[in-house]
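Shown here: model_4.cif, mmCIF, C-alpha atoms and all ligand atoms.
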```
data_entry
#
loop_
_atom_site.label_atom_id
_atom_site.label_comp_id
_atom_site.auth_asym_id
_atom_site.auth_seq_id
_atom_site.Cartn_x
_atom_site.Cartn_y
_atom_site.Cartn_z
CA MET A 18 -58.27 -4.13 24.25
CA HIS A 19 -58.82 -5.59 20.78
CA PRO A 20 -61.87 -7.64 21.89
CA ILE A 21 -63.20 -4.78 24.02
CA ILE A 22 -62.99 -2.26 21.19
CA ALA A 23 -64.41 -4.73 18.64
CA THR A 24 -67.34 -5.55 20.93
CA GLY A 25 -67.88 -1.82 21.52
CA THR A 26 -68.42 -1.34 17.79
CA GLY A 27 -71.04 -4.10 17.73
CA SER A 28 -68.65 -6.59 16.12
CA ARG A 29 -68.60 -10.26 17.04
CA TRP A 30 -65.21 -11.24 18.47
CA VAL A 31 -63.68 -14.69 18.08
CA ASP A 32 -60.52 -15.51 20.04
CA GLY A 33 -57.86 -17.42 18.15
CA TYR A 34 -55.59 -19.83 19.88
CA ARG A 35 -51.83 -20.21 19.72
CA ALA A 36 -50.66 -23.54 18.36
CA GLY A 37 -48.73 -25.07 15.55
CA THR A 38 -45.11 -24.67 16.60
CA ALA A 39 -42.86 -26.37 19.12
CA ASP A 40 -43.37 -23.60 21.70
CA GLY A 41 -47.00 -23.73 22.82
CA PHE A 42 -47.25 -19.93 22.85
CA ASP A 43 -46.27 -19.50 19.23
CA LEU A 44 -48.64 -19.27 16.32
CA GLY A 45 -47.91 -21.44 13.29
CA ALA A 46 -48.87 -20.48 9.74
CA ALA A 47 -51.02 -23.56 9.07
CA SER A 48 -52.91 -23.28 12.34
CA ALA A 49 -53.54 -19.54 11.88
CA ALA A 50 -54.78 -20.07 8.32
CA ASP A 51 -57.09 -22.92 9.43
CA GLN A 52 -58.59 -20.71 12.14
CA VAL A 53 -59.23 -17.89 9.66
CA ARG A 54 -60.86 -20.27 7.16
CA ALA A 55 -63.09 -21.68 9.92
CA VAL A 56 -64.41 -18.25 11.01
CA ASP A 57 -64.26 -16.29 7.71
CA PRO A 58 -63.80 -12.97 9.58
CA ASP A 59 -64.03 -9.41 8.27
CA VAL A 60 -60.94 -8.33 10.22
CA VAL A 61 -58.09 -10.36 11.72
CA PHE A 62 -55.79 -8.97 14.43
CA LEU A 63 -52.34 -10.50 14.72
CA CYS A 64 -50.19 -9.17 17.56
CA SER A 65 -46.52 -9.39 16.63
CA PRO A 66 -45.25 -9.75 19.23
CA ASN A 67 -48.21 -10.79 21.32
CA ASN A 68 -48.61 -9.49 24.87
CA PRO A 69 -47.86 -11.25 27.24
CA THR A 70 -46.00 -13.97 25.33
CA GLY A 71 -43.57 -11.60 23.59
CA THR A 72 -42.34 -13.49 20.52
CA ALA A 73 -42.80 -11.83 17.11
CA LEU A 74 -44.67 -13.73 14.39
CA GLY A 75 -42.94 -15.05 11.31
CA LEU A 76 -44.01 -13.30 8.13
CA ASP A 77 -45.14 -16.72 6.89
CA VAL A 78 -47.98 -16.47 9.43
CA VAL A 79 -49.09 -13.09 8.08
CA GLU A 80 -48.89 -14.32 4.49
CA ALA A 81 -50.81 -17.51 5.32
CA VAL A 82 -53.56 -15.53 7.07
CA LEU A 83 -53.86 -13.15 4.10
CA ALA A 84 -54.07 -16.12 1.74
CA ALA A 85 -56.68 -17.88 3.89
CA SER A 86 -59.28 -15.22 3.12
CA ASP A 87 -60.07 -13.28 -0.02
CA ARG A 88 -61.72 -10.42 1.86
CA ALA A 89 -60.46 -10.04 5.46
CA LEU A 90 -58.51 -6.98 6.48
CA VAL A 91 -55.42 -8.30 8.30
CA VAL A 92 -54.14 -5.93 11.01
CA VAL A 93 -50.67 -6.69 12.32
CA ASP A 94 -50.18 -4.97 15.67
CA GLU A 95 -46.47 -4.10 15.93
CA ALA A 96 -46.66 -2.06 19.15
CA TYR A 97 -43.22 -3.31 20.24
CA ALA A 98 -41.48 -3.29 16.83
CA GLU A 99 -38.55 -1.13 17.95
CA PHE A 100 -37.57 -3.82 20.50
CA ALA A 101 -37.46 -6.69 17.96
CA ARG A 102 -34.41 -8.93 17.94
CA PRO A 103 -32.03 -8.41 15.01
CA GLY A 104 -33.28 -10.16 11.88
CA THR A 105 -36.94 -10.02 12.93
CA PRO A 106 -38.74 -8.79 9.81
CA SER A 107 -41.59 -6.30 10.07
CA ALA A 108 -44.89 -6.86 8.29
CA LEU A 109 -44.20 -3.43 6.75
CA THR A 110 -42.01 -5.28 4.25
CA LEU A 111 -45.11 -7.15 3.02
CA LEU A 112 -47.20 -4.03 2.33
CA PRO A 113 -46.45 -3.47 -1.38
CA GLY A 114 -49.15 -5.19 -3.42
CA ARG A 115 -51.18 -6.32 -0.38
CA PRO A 116 -54.08 -3.85 -0.02
CA ARG A 117 -55.75 -5.91 2.75
CA LEU A 118 -52.74 -5.62 5.08
CA VAL A 119 -52.55 -2.96 7.83
CA VAL A 120 -49.57 -2.50 10.17
CA THR A 121 -50.20 -0.56 13.38
CA ARG A 122 -47.66 0.93 15.78
CA THR A 123 -47.72 3.23 18.81
CA MET A 124 -45.66 5.93 20.50
CA SER A 125 -46.49 4.32 23.87
CA LYS A 126 -43.61 1.86 24.08
CA ALA A 127 -40.27 2.74 22.45
CA PHE A 128 -40.99 6.49 22.70
CA ALA A 129 -42.06 5.99 26.35
CA PHE A 130 -44.93 8.32 25.46
CA ALA A 131 -48.02 6.33 26.49
CA GLY A 132 -49.67 9.41 27.99
CA VAL A 133 -49.97 11.08 24.60
CA ARG A 134 -52.25 8.24 23.35
CA LEU A 135 -50.95 8.23 19.81
CA GLY A 136 -51.02 5.23 17.51
CA TYR A 137 -50.48 5.15 13.78
CA LEU A 138 -50.68 2.73 10.90
CA ALA A 139 -49.28 1.99 7.49
CA ALA A 140 -51.52 0.56 4.79
CA ASP A 141 -52.49 0.84 1.15
CA PRO A 142 -53.66 4.40 0.28
CA SER A 143 -57.16 3.04 -0.42
CA VAL A 144 -57.37 1.72 3.18
CA CYS A 145 -56.11 5.03 4.61
CA ASP A 146 -58.72 6.93 2.56
CA ALA A 147 -61.49 4.60 3.77
CA LEU A 148 -60.35 5.06 7.38
CA ARG A 149 -60.61 8.84 7.04
CA LEU A 150 -64.27 8.34 6.16
CA VAL A 151 -65.14 6.14 9.14
CA ARG A 152 -62.85 7.38 11.93
CA LEU A 153 -64.37 9.30 14.81
CA PRO A 154 -64.39 13.04 14.07
CA TYR A 155 -62.43 14.15 17.15
CA HIS A 156 -60.08 11.24 17.63
CA LEU A 157 -56.73 13.05 17.93
CA SER A 158 -56.46 16.52 19.48
CA SER A 159 -54.25 19.19 17.94
CA LEU A 160 -52.25 19.27 21.21
CA THR A 161 -51.60 15.55 20.85
CA GLN A 162 -50.49 16.02 17.27
CA ALA A 163 -48.21 18.92 18.24
CA ALA A 164 -46.66 16.84 21.05
CA ALA A 165 -46.11 13.91 18.69
CA LEU A 166 -44.49 16.12 16.06
CA ALA A 167 -42.17 17.55 18.73
CA ALA A 168 -41.35 13.99 19.86
CA LEU A 169 -40.56 12.99 16.28
CA ARG A 170 -38.16 15.93 16.00
CA HIS A 171 -36.36 14.48 19.04
CA ALA A 172 -36.75 10.85 17.99
CA ASP A 173 -33.03 10.08 18.33
CA LEU A 174 -33.06 11.19 21.97
CA LEU A 175 -36.38 9.54 22.83
CA LEU A 176 -35.43 6.23 21.20
CA SER A 177 -31.95 6.22 22.73
CA THR A 178 -33.14 4.10 25.66
CA VAL A 179 -34.34 1.30 23.36
CA ASP A 180 -30.92 -0.38 23.09
CA ALA A 181 -30.49 -0.24 26.88
CA VAL A 182 -33.92 -1.82 27.41
CA ILE A 183 -33.11 -4.53 24.83
CA ALA A 184 -29.89 -5.37 26.70
CA GLN A 185 -31.84 -5.84 29.95
CA ARG A 186 -34.60 -7.77 28.13
CA ASP A 187 -31.95 -10.16 26.80
CA ARG A 188 -30.60 -10.67 30.34
CA LEU A 189 -34.14 -11.48 31.51
CA VAL A 190 -34.37 -14.20 28.82
CA ALA A 191 -30.85 -15.60 29.24
CA GLU A 192 -30.30 -15.66 32.99
CA PRO A 193 -33.36 -17.30 34.64
CA PRO A 194 -32.38 -20.91 33.69
CA ALA A 195 -29.16 -20.51 35.73
CA LEU A 196 -31.02 -19.36 38.84
CA GLY A 197 -32.01 -21.40 41.88
CA GLY A 198 -34.65 -24.07 41.61
CA GLY A 199 -32.48 -26.46 39.59
CA GLY A 200 -32.85 -24.68 36.27
CA ARG A 201 -36.59 -25.29 36.03
CA VAL A 202 -37.40 -21.68 35.16
CA HIS A 203 -37.24 -20.71 31.50
CA ALA A 204 -38.06 -17.54 29.59
CA VAL A 205 -40.02 -17.23 26.36
CA PRO A 206 -37.96 -15.58 23.56
CA SER A 207 -38.89 -11.91 23.49
CA ASP A 208 -39.13 -9.20 20.82
CA ALA A 209 -40.77 -6.84 23.31
CA ASN A 210 -39.77 -4.82 26.38
CA PHE A 211 -41.10 -7.56 28.67
CA VAL A 212 -40.36 -11.25 29.19
CA LEU A 213 -42.70 -14.11 30.07
CA PHE A 214 -41.02 -16.69 32.25
CA GLY A 215 -42.39 -20.12 33.11
CA GLY A 216 -41.70 -23.35 34.90
CA LEU A 217 -43.14 -22.04 38.18
CA ALA A 218 -44.90 -24.53 40.44
CA ASP A 219 -47.32 -21.89 41.75
CA ALA A 220 -47.16 -18.57 39.88
CA PRO A 221 -49.36 -16.57 42.32
CA ALA A 222 -47.18 -17.77 45.24
CA THR A 223 -44.01 -16.75 43.37
CA TRP A 224 -45.63 -13.38 42.59
CA ARG A 225 -46.31 -12.81 46.30
CA ALA A 226 -42.80 -13.95 47.27
CA LEU A 227 -41.23 -11.57 44.74
CA LEU A 228 -43.37 -8.74 46.13
CA ALA A 229 -42.02 -9.53 49.59
CA HIS A 230 -38.58 -8.86 48.03
CA ASP A 231 -39.89 -5.48 46.77
CA VAL A 232 -40.16 -6.71 43.17
CA LEU A 233 -43.47 -6.23 41.37
CA VAL A 234 -44.05 -8.36 38.27
CA ARG A 235 -47.29 -9.16 36.48
CA ASP A 236 -49.40 -12.27 36.93
CA VAL A 237 -51.07 -12.53 33.51
CA GLY A 238 -53.17 -15.56 34.44
CA LEU A 239 -51.13 -18.15 32.53
CA ALA A 240 -50.53 -21.20 34.70
CA GLY A 241 -46.92 -21.47 35.85
CA HIS A 242 -45.91 -18.15 34.24
CA LEU A 243 -45.29 -14.53 35.21
CA ARG A 244 -44.36 -11.50 33.11
CA VAL A 245 -41.54 -9.11 33.95
CA THR A 246 -40.86 -5.76 32.29
CA ALA A 247 -37.32 -4.76 31.29
CA GLY A 248 -36.06 -1.71 33.14
CA THR A 249 -32.66 -0.45 34.20
CA ALA A 250 -29.65 -2.72 34.81
CA GLU A 251 -30.14 -2.24 38.57
CA GLU A 252 -33.81 -3.23 38.36
CA THR A 253 -32.96 -6.32 36.31
CA THR A 254 -30.32 -7.35 38.81
CA ALA A 255 -32.75 -6.77 41.69
CA PHE A 256 -35.36 -8.94 39.96
CA LEU A 257 -32.92 -11.76 39.12
CA THR A 258 -31.50 -11.72 42.66
CA ALA A 259 -34.98 -11.83 44.17
CA LEU A 260 -36.12 -14.61 41.81
CA ASP A 261 -33.01 -16.63 42.64
CA ALA A 262 -33.75 -16.26 46.37
CA VAL A 263 -37.44 -17.12 45.94
CA LEU A 264 -36.70 -20.22 43.84
CA SER A 265 -34.06 -21.37 46.30
CA GLU A 266 -36.51 -20.88 49.20
CA GLU A 267 -39.18 -22.85 47.31
CA THR A 268 -36.89 -25.82 46.68
CA ALA A 269 -35.24 -25.73 50.12
C1 LIG A 301 -49.82 -5.93 21.80
C2 LIG A 301 -50.17 -4.51 22.15
N1 LIG A 301 -50.69 -3.72 21.21
C3 LIG A 301 -51.00 -2.45 21.47
C4 LIG A 301 -50.80 -1.91 22.71
C5 LIG A 301 -51.31 -0.53 22.88
O1 LIG A 301 -50.63 0.49 23.23
P1 LIG A 301 -51.30 1.93 23.27
O2 LIG A 301 -52.79 1.79 23.37
O3 LIG A 301 -50.73 2.56 24.49
O4 LIG A 301 -50.87 2.56 21.99
C6 LIG A 301 -50.27 -2.68 23.74
C7 LIG A 301 -50.08 -2.12 25.09
O5 LIG A 301 -49.87 -2.76 26.07
C8 LIG A 301 -49.96 -4.02 23.45
O6 LIG A 301 -49.44 -4.84 24.39
#
```
This structure in structure tokens:
Amino acid sequence: MHPIIATGTGSRWVDGYRAGTADGFDLGAASAADQVRAVDPDVVFLCSPNNPTGTALGLDVVEAVLAASDRALVVVDEAYAEFARPGTPSALTLLPGRPRLVVTRTMSKAFAFAGVRLGYLAADPSVCDALRLVRLPYHLSSLTQAAALAALRHADLLLSTVDAVIAQRDRLVAEPPALGGGGRVHAVPSDANFVLFGGLADAPATWRALLAHDVLVRDVGLAGHLRVTAGTAEETTAFLTALDAVLSEETA
């Protein structure tokens, strides 16, 4: 959506690429800073974690990107922040003294409230004031705001499923290497409510085989990889059992 929305506002969009750390899906500070210097953008979007890869960015990446430009607004998209692994710092901690940093979040994920279409951000007061000037006039209905306020009053209840989802997410990262197929399947470390797993010889074929076992995952178009969303313990077990069977069939 970031490129679609940017293009819709008449902005030129430049895709970055993920490189600079041992895991090919991660984004290293030096690489990110080089890319920003090369393009000299007005706005940089950093997804932490990125979808579909799922691993949160180190704050060194955010700091390096801020330092690589003296004018770019740096937006850190923390849509999945509530699912972060312990010790994963939020870019919110960098906000004091950094007026070009914006941290965005959403009620769609941890609050399981995607239908309300409510996102929010934290930034320097000068950025918030400027946004009030340029935002669309009717961007958030009063019904939406009332629903969100009611959800916030029940935040403890609505967020109570987060720990359960994290437990299943951690199973989805830990267990695939022990499945059939001789341990060739691995999962990318996740700070989100989904897990990208790789090592598949033919991801579309594995997707179809999982569907034949009544398990629907997402083919995100990355060679050898599929993405699975964390659900209930029963759903996780059903997925792992089906994947084990599919991998064993493939290697038989
Ligand atoms: C990285 C990332 N940011 C933001 C969102 C947006 O969520 P929403 O538009 O529902 O607030 C998503 C949803 O999939 C996402 O993956």
Where does chain A meet ligand LIG 301 (chain A) within 8 Å, residue by residue, with the nearest atom pair and distance in Å to one decimal for each, counting all atoms listed in the file, listed by chain and rising number, as JSON lines?
```
{"residue": "A:Met18", "atom": "CA", "partner": "A:LIG301", "partner_atom": "C4", "distance": 7.9}
{"residue": "A:Cys64", "atom": "CA", "partner": "A:LIG301", "partner_atom": "C1", "distance": 5.3}
{"residue": "A:Ser65", "atom": "CA", "partner": "A:LIG301", "partner_atom": "C1", "distance": 7.0}
{"residue": "A:Pro66", "atom": "CA", "partner": "A:LIG301", "partner_atom": "C1", "distance": 6.5}
{"residue": "A:Asn67", "atom": "CA", "partner": "A:LIG301", "partner_atom": "C1", "distance": 5.1}
{"residue": "A:Asn68", "atom": "CA", "partner": "A:LIG301", "partner_atom": "O6", "distance": 4.7}
{"residue": "A:Pro69", "atom": "CA", "partner": "A:LIG301", "partner_atom": "O6", "distance": 7.2}
{"residue": "A:Asp94", "atom": "CA", "partner": "A:LIG301", "partner_atom": "N1", "distance": 5.7}
{"residue": "A:Glu95", "atom": "CA", "partner": "A:LIG301", "partner_atom": "N1", "distance": 6.8}
{"residue": "A:Ala96", "atom": "CA", "partner": "A:LIG301", "partner_atom": "N1", "distance": 4.8}
{"residue": "A:Tyr97", "atom": "CA", "partner": "A:LIG301", "partner_atom": "C1", "distance": 7.3}
{"residue": "A:Arg122", "atom": "CA", "partner": "A:LIG301", "partner_atom": "O4", "distance": 7.2}
{"residue": "A:Thr123", "atom": "CA", "partner": "A:LIG301", "partner_atom": "O4", "distance": 4.5}
{"residue": "A:Met124", "atom": "CA", "partner": "A:LIG301", "partner_atom": "O4", "distance": 6.4}
{"residue": "A:Ser125", "atom": "CA", "partner": "A:LIG301", "partner_atom": "O3", "distance": 4.6}
{"residue": "A:Lys126", "atom": "CA", "partner": "A:LIG301", "partner_atom": "O3", "distance": 7.2}
{"residue": "A:Ala131", "atom": "CA", "partner": "A:LIG301", "partner_atom": "O3", "distance": 5.1}
{"residue": "A:Gly132", "atom": "CA", "partner": "A:LIG301", "partner_atom": "O3", "distance": 7.8}
{"residue": "A:Arg134", "atom": "CA", "partner": "A:LIG301", "partner_atom": "O3", "distance": 6.0}
{"residue": "A:Leu135", "atom": "CA", "partner": "A:LIG301", "partner_atom": "O4", "distance": 6.1}
{"residue": "A:Gly136", "atom": "CA", "partner": "A:LIG301", "partner_atom": "O4", "distance": 5.2}
```
Point (-37.7, -14.5, 38.3) neighbourhood (9 Å, only C-alpha atoms) written as a list in words: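 Those within range, by chain then number, are Leu189, Pro193, Leu196, Val202, Phe214, Gly215, Thr223, Leu227, Val234, Leu243, Arg244, Val245, Phe256, Leu257, Thr258, Ala259, Leu260, Asp261, Val263 and Leu264 of chain A.
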Gap from CA of Tyr34 in chain A to CA of Arg152 in chain A - Å, one decimal: 29.3 Å
Range 117-121 of chain A: which residues within 8 Å, counting all atoms listed in the file, same-chain residues fewer than 3 positions away excluded, as a compact mmCIF listing (two decimals) with C-alpha atoms, in the coordinates of the input?
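And here is the file that came out, around_0.txt:
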```txt
# COMPACT_ATOMS: atom_id res chain seq x y z
CA LEU A 83 -53.86 -13.15 4.10
CA ARG A 88 -61.72 -10.42 1.86
CA ALA A 89 -60.46 -10.04 5.46
CA LEU A 90 -58.51 -6.98 6.48
CA VAL A 91 -55.42 -8.30 8.30
CA VAL A 92 -54.14 -5.93 11.01
CA VAL A 93 -50.67 -6.69 12.32
CA ASP A 94 -50.18 -4.97 15.67
CA GLU A 95 -46.47 -4.10 15.93
CA ALA A 96 -46.66 -2.06 19.15
CA ALA A 108 -44.89 -6.86 8.29
CA LEU A 109 -44.20 -3.43 6.75
CA LEU A 112 -47.20 -4.03 2.33
CA GLY A 136 -51.02 5.23 17.51
CA TYR A 137 -50.48 5.15 13.78
CA LEU A 138 -50.68 2.73 10.90
CA ALA A 139 -49.28 1.99 7.49
CA ALA A 140 -51.52 0.56 4.79
CA ASP A 141 -52.49 0.84 1.15
CA VAL A 144 -57.37 1.72 3.18
```
Between CA of Ile21 in chain A and CA of Ser158 in chain A - distance in Å to one decimal: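 If I compute the distance from CA of Ser158 in chain A to CA of Ile21 in chain A, I get 22.8 Å.
Neighbouring residues of Asp219 in chain A at 8 Å or closer, counting all atoms listed in the file and skipping chain neighbours under 2 positions away, are A:Leu217, A:Pro221, A:Ala222, A:Thr223, A:Ala240, A:Gly241.
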For Val53 in chain A, the nearest of the candidates A:Gly25, A:Ala85, A:Leu74, A:Val182, counting only C-alpha atoms: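 The answer is A:Ala85, which sits nearest to Val53 in chain A.
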Residue neighbourhood range 102-107 of chain A, 8 Å, only C-alpha atoms, exclusion window fewer than 6 positions, as a list in words: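 In the requested form, the answer reads Ala73, Gly75, Leu76, Glu95, Ser207 and Asp208 of chain A.
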Å distance separating CA of Pro113 in chain A from CA of Phe62 in chain A, one decimal place: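 So the answer is 19.2 Å.
Considering all atoms listed in the file, the residue among A:Phe42, A:Asp87, A:Gly114, A:Asp187 positioned nearest to Leu239 in chain A is A:Phe42.
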Residue nearest Ser265 in chain A - candidates A:Thr24, A:Ala226, A:Asp231, A:Val237, atoms counted: all atoms listed in the file: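 Checking each of A:Thr24, A:Ala226, A:Asp231, A:Val237 against Ser265 in chain A, counting all atoms listed in the file, the winner is A:Ala226.
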Shell around Ala247 in chain A at 8 Å using only C-alpha atoms, local window under 4 positions removed, as JSON, numbers by chain: {"A": [182, 183, 185, 186, 189, 210, 211, 212, 253]}
Contacts of Ala163 in chain A at 12 Å (only C-alpha atoms; same-chain gap of 6+ positions) as a PDB file with C-alpha atoms, keeping the file's coordinate frame:
```pdb
ATOM      1  CA  VAL A 133     -49.970  11.080  24.600  1.00  0.00           C
ATOM      2  CA  LEU A 135     -50.950   8.230  19.810  1.00  0.00           C
ATOM      3  CA  LEU A 157     -56.730  13.050  17.930  1.00  0.00           C
ATOM      4  CA  LEU A 169     -40.560  12.990  16.280  1.00  0.00           C
ATOM      5  CA  ARG A 170     -38.160  15.930  16.000  1.00  0.00           C
TER       6      ARG A 170
END
```
Kindly list the centre and edge lengths in Å, rounded to one decimal, for the axis-aligned box that covers all listed atoms of range 190-194 of chain A plus 6 Å on each of its six sides, as lines of an AutoDock Vina configuration file.
```
center_x = -32.3
center_y = -17.6
center_z = 31.7
size_x = 16.1
size_y = 18.7
size_z = 17.8
```
